[in-house]
Amino acid sequence: MIYQVKRLQSHPSIALWSGNNENEAAVAENWYSVPAEKISRVKDNYRKLYVDTVMDAVKQVDQGNNRPFITSSPTNGLESIRENYIATNPQDPLYGKSIKTSFLYEIL
């Protein structure tokens, strides 16, 4: 990951960094049917990986570029942060446009 950030950081199309694709939603909505007694550990591991490790590493490597880092896409941004990086509904349209896999079909 550090190699990729170093490799891509000077590319003009990089406007922000995202730690993952849909993992916040997968954890929040329990896409993989994790048993209730294990979900707390899954959430802790998610935070350790994407907040404590990935976000910290990206910010250190990309210093001085002032690019934002979001832990997941989609995310509720500041609302997700307020909810300890895993929002109750990370795809809530109240906090911005959610990613839609049918986007291309909508514009065609």
# chains A, B, ... in the order shown; residues from 1 in each chain; ligands from 1
>>> residues_around(residues="segment 19-25 of chain A", least_positions_apart="3", cutoff="10 Å", atoms="only C-alpha atoms", output="CSV table (one decimal) with N, CA and C atoms, in the first residue's frame")
chain,number,residue,atom,x,y,z
A,1,MET,N,0.8,-1.2,0.0
A,1,MET,CA,0.0,0.0,0.0
A,1,MET,C,0.9,1.2,0.0
A,28,ALA,N,-21.0,-2.6,8.8
A,28,ALA,CA,-22.2,-2.0,9.4
A,28,ALA,C,-23.4,-2.8,9.1
A,29,GLU,N,-23.6,-3.3,7.9
A,29,GLU,CA,-24.8,-4.1,7.5
A,29,GLU,C,-24.6,-5.6,7.6
A,30,ASN,N,-23.5,-6.0,8.1
A,30,ASN,CA,-23.2,-7.4,8.3
A,30,ASN,C,-23.5,-8.3,7.1
A,31,TRP,N,-22.8,-7.9,6.0
A,31,TRP,CA,-23.1,-8.6,4.7
A,31,TRP,C,-22.7,-10.1,4.8
A,43,LYS,N,-15.5,-5.2,14.1
A,43,LYS,CA,-15.5,-3.7,14.0
A,43,LYS,C,-14.2,-3.2,14.6
A,46,TYR,N,-11.6,-3.7,11.9
A,46,TYR,CA,-11.8,-2.8,10.8
A,46,TYR,C,-11.1,-1.5,11.2
A,47,ARG,N,-11.4,-1.0,12.4
A,47,ARG,CA,-10.8,0.3,12.8
A,47,ARG,C,-9.3,0.2,12.9
A,49,LEU,N,-7.3,-1.7,11.2
A,49,LEU,CA,-6.7,-1.7,9.9
A,49,LEU,C,-6.8,-0.4,9.1
A,50,TYR,N,-8.1,0.1,9.0
A,50,TYR,CA,-8.3,1.3,8.1
A,50,TYR,C,-8.0,2.6,8.8
A,51,VAL,N,-8.2,2.7,10.1
A,51,VAL,CA,-8.0,4.0,10.8
A,51,VAL,C,-6.6,4.1,11.3
A,53,THR,N,-4.0,2.0,10.9
A,53,THR,CA,-2.9,1.6,10.1
A,53,THR,C,-2.9,2.3,8.7
A,54,VAL,N,-3.9,2.0,7.9
A,54,VAL,CA,-3.9,2.5,6.5
A,54,VAL,C,-4.0,4.1,6.5
A,55,MET,N,-4.9,4.7,7.2
A,55,MET,CA,-5.0,6.1,7.2
A,55,MET,C,-3.7,6.8,7.7
A,58,VAL,N,-1.0,6.4,5.0
A,58,VAL,CA,-1.2,7.2,3.8
A,58,VAL,C,-0.9,8.7,4.1
A,69,PHE,N,-8.4,12.0,3.3
A,69,PHE,CA,-8.4,10.5,3.4
A,69,PHE,C,-9.8,10.1,4.0
A,70,ILE,N,-10.5,9.3,3.3
A,70,ILE,CA,-11.7,8.7,3.8
A,70,ILE,C,-11.5,7.2,4.0
A,71,THR,N,-12.0,6.7,5.1
A,71,THR,CA,-11.7,5.3,5.5
A,71,THR,C,-12.4,4.4,4.5
A,72,SER,N,-13.5,4.7,3.9
A,72,SER,CA,-14.3,3.8,3.1
A,72,SER,C,-15.0,4.6,2.0
A,73,SER,N,-15.4,4.0,1.0
A,73,SER,CA,-16.3,4.6,0.0
A,73,SER,C,-17.3,3.5,-0.4
A,74,PRO,N,-18.6,3.8,-0.2
A,74,PRO,CA,-19.1,5.0,0.3
A,74,PRO,C,-18.9,5.2,1.8
A,75,THR,N,-19.1,6.4,2.3
A,75,THR,CA,-19.1,6.7,3.7
A,75,THR,C,-19.9,7.9,4.0
A,76,ASN,N,-20.3,8.1,5.2
A,76,ASN,CA,-21.0,9.3,5.6
A,76,ASN,C,-20.1,10.4,6.1
A,80,SER,N,-19.7,9.3,9.9
A,80,SER,CA,-19.1,8.0,10.1
A,80,SER,C,-18.0,8.2,11.2
A,85,TYR,N,-16.2,5.6,13.1
A,85,TYR,CA,-15.8,5.1,11.7
A,85,TYR,C,-16.6,4.0,11.1
A,86,ILE,N,-17.7,3.7,11.8
A,86,ILE,CA,-18.6,2.7,11.2
A,86,ILE,C,-20.0,3.3,11.5
A,87,ALA,N,-20.6,3.9,10.5
A,87,ALA,CA,-21.9,4.5,10.6
A,87,ALA,C,-23.0,3.4,10.6
A,88,THR,N,-24.1,3.7,11.3
A,88,THR,CA,-25.2,2.8,11.3
A,88,THR,C,-25.6,2.5,9.9
A,89,ASN,N,-25.7,3.5,9.0
A,89,ASN,CA,-26.0,3.4,7.6
A,89,ASN,C,-25.1,4.2,6.8
A,90,PRO,N,-23.9,3.6,6.4
A,90,PRO,CA,-22.9,4.3,5.7
A,90,PRO,C,-23.3,4.8,4.3
A,91,GLN,N,-24.4,4.3,3.8
A,91,GLN,CA,-24.9,4.6,2.5
A,91,GLN,C,-26.1,5.6,2.5
A,99,ILE,N,-22.6,5.3,-3.8
A,99,ILE,CA,-22.1,4.7,-5.1
A,99,ILE,C,-23.2,3.8,-5.5
>>> residues_around(residues="Gln9 of chain A", least_positions_apart="3", cutoff="9 Å", atoms="only C-alpha atoms", output="list in words")
Gln4, Val5, Lys6, Pro12, Ile14, Val61, Asp62 and Asn65 of chain A
>>> select_by_dssp(residues="segment 62-91 of chain A", states="helix (DSSP H, G or I)", output="list in words")
Leu78, Glu79, Ser80, Ile81 and Arg82 of chain A
>>> write_last_selection(atoms="N, CA and C atoms", output="short mmCIF file (atom, residue, chain, number, x, y, z; two decimals), in the first residue's frame")
data_model
loop_
_atom_site.label_atom_id
_atom_site.label_comp_id
_atom_site.auth_asym_id
_atom_site.auth_seq_id
_atom_site.Cartn_x
_atom_site.Cartn_y
_atom_site.Cartn_z
N LEU A 78 -18.01 12.85 7.98
CA LEU A 78 -17.91 13.24 9.39
C LEU A 78 -18.88 12.46 10.27
N GLU A 79 -20.02 12.12 9.74
CA GLU A 79 -20.98 11.32 10.53
C GLU A 79 -20.39 9.94 10.83
N SER A 80 -19.74 9.33 9.88
CA SER A 80 -19.09 8.04 10.15
C SER A 80 -18.01 8.19 11.22
N ILE A 81 -17.25 9.27 11.15
CA ILE A 81 -16.22 9.51 12.17
C ILE A 81 -16.87 9.66 13.54
N ARG A 82 -17.98 10.41 13.61
CA ARG A 82 -18.69 10.58 14.89
C ARG A 82 -19.18 9.24 15.44
#
>>> select_by_dssp(residues="segment 1-104 of chain A", states="strand (DSSP E)", output="list in words")
Trp17, Ser18, Phe69 and Ile70 of chain A
>>> write_last_selection(atoms="C-alpha atoms", output="PDB file, in the first residue's frame")
ATOM      1  CA  TRP A  17      -7.464   8.665  -0.777  1.00  0.00           C
ATOM      2  CA  SER A  18      -9.935   5.989   0.256  1.00  0.00           C
ATOM      3  CA  PHE A  69      -8.441  10.522   3.400  1.00  0.00           C
ATOM      4  CA  ILE A  70     -11.738   8.719   3.817  1.00  0.00           C
TER       5      ILE A  70
END
>>> atom_distance(atom1="atom CA of Asp52 of chain A", atom2="atom CA of Gly77 of chain A")
16.7 Å
>>> atom_distance(atom1="atom CA of Ala57 of chain A", atom2="atom CA of Ile39 of chain A")
25.6 Å
>>> atom_distance(atom1="atom CA of Gln63 of chain A", atom2="atom CA of Asn45 of chain A")
25.5 Å
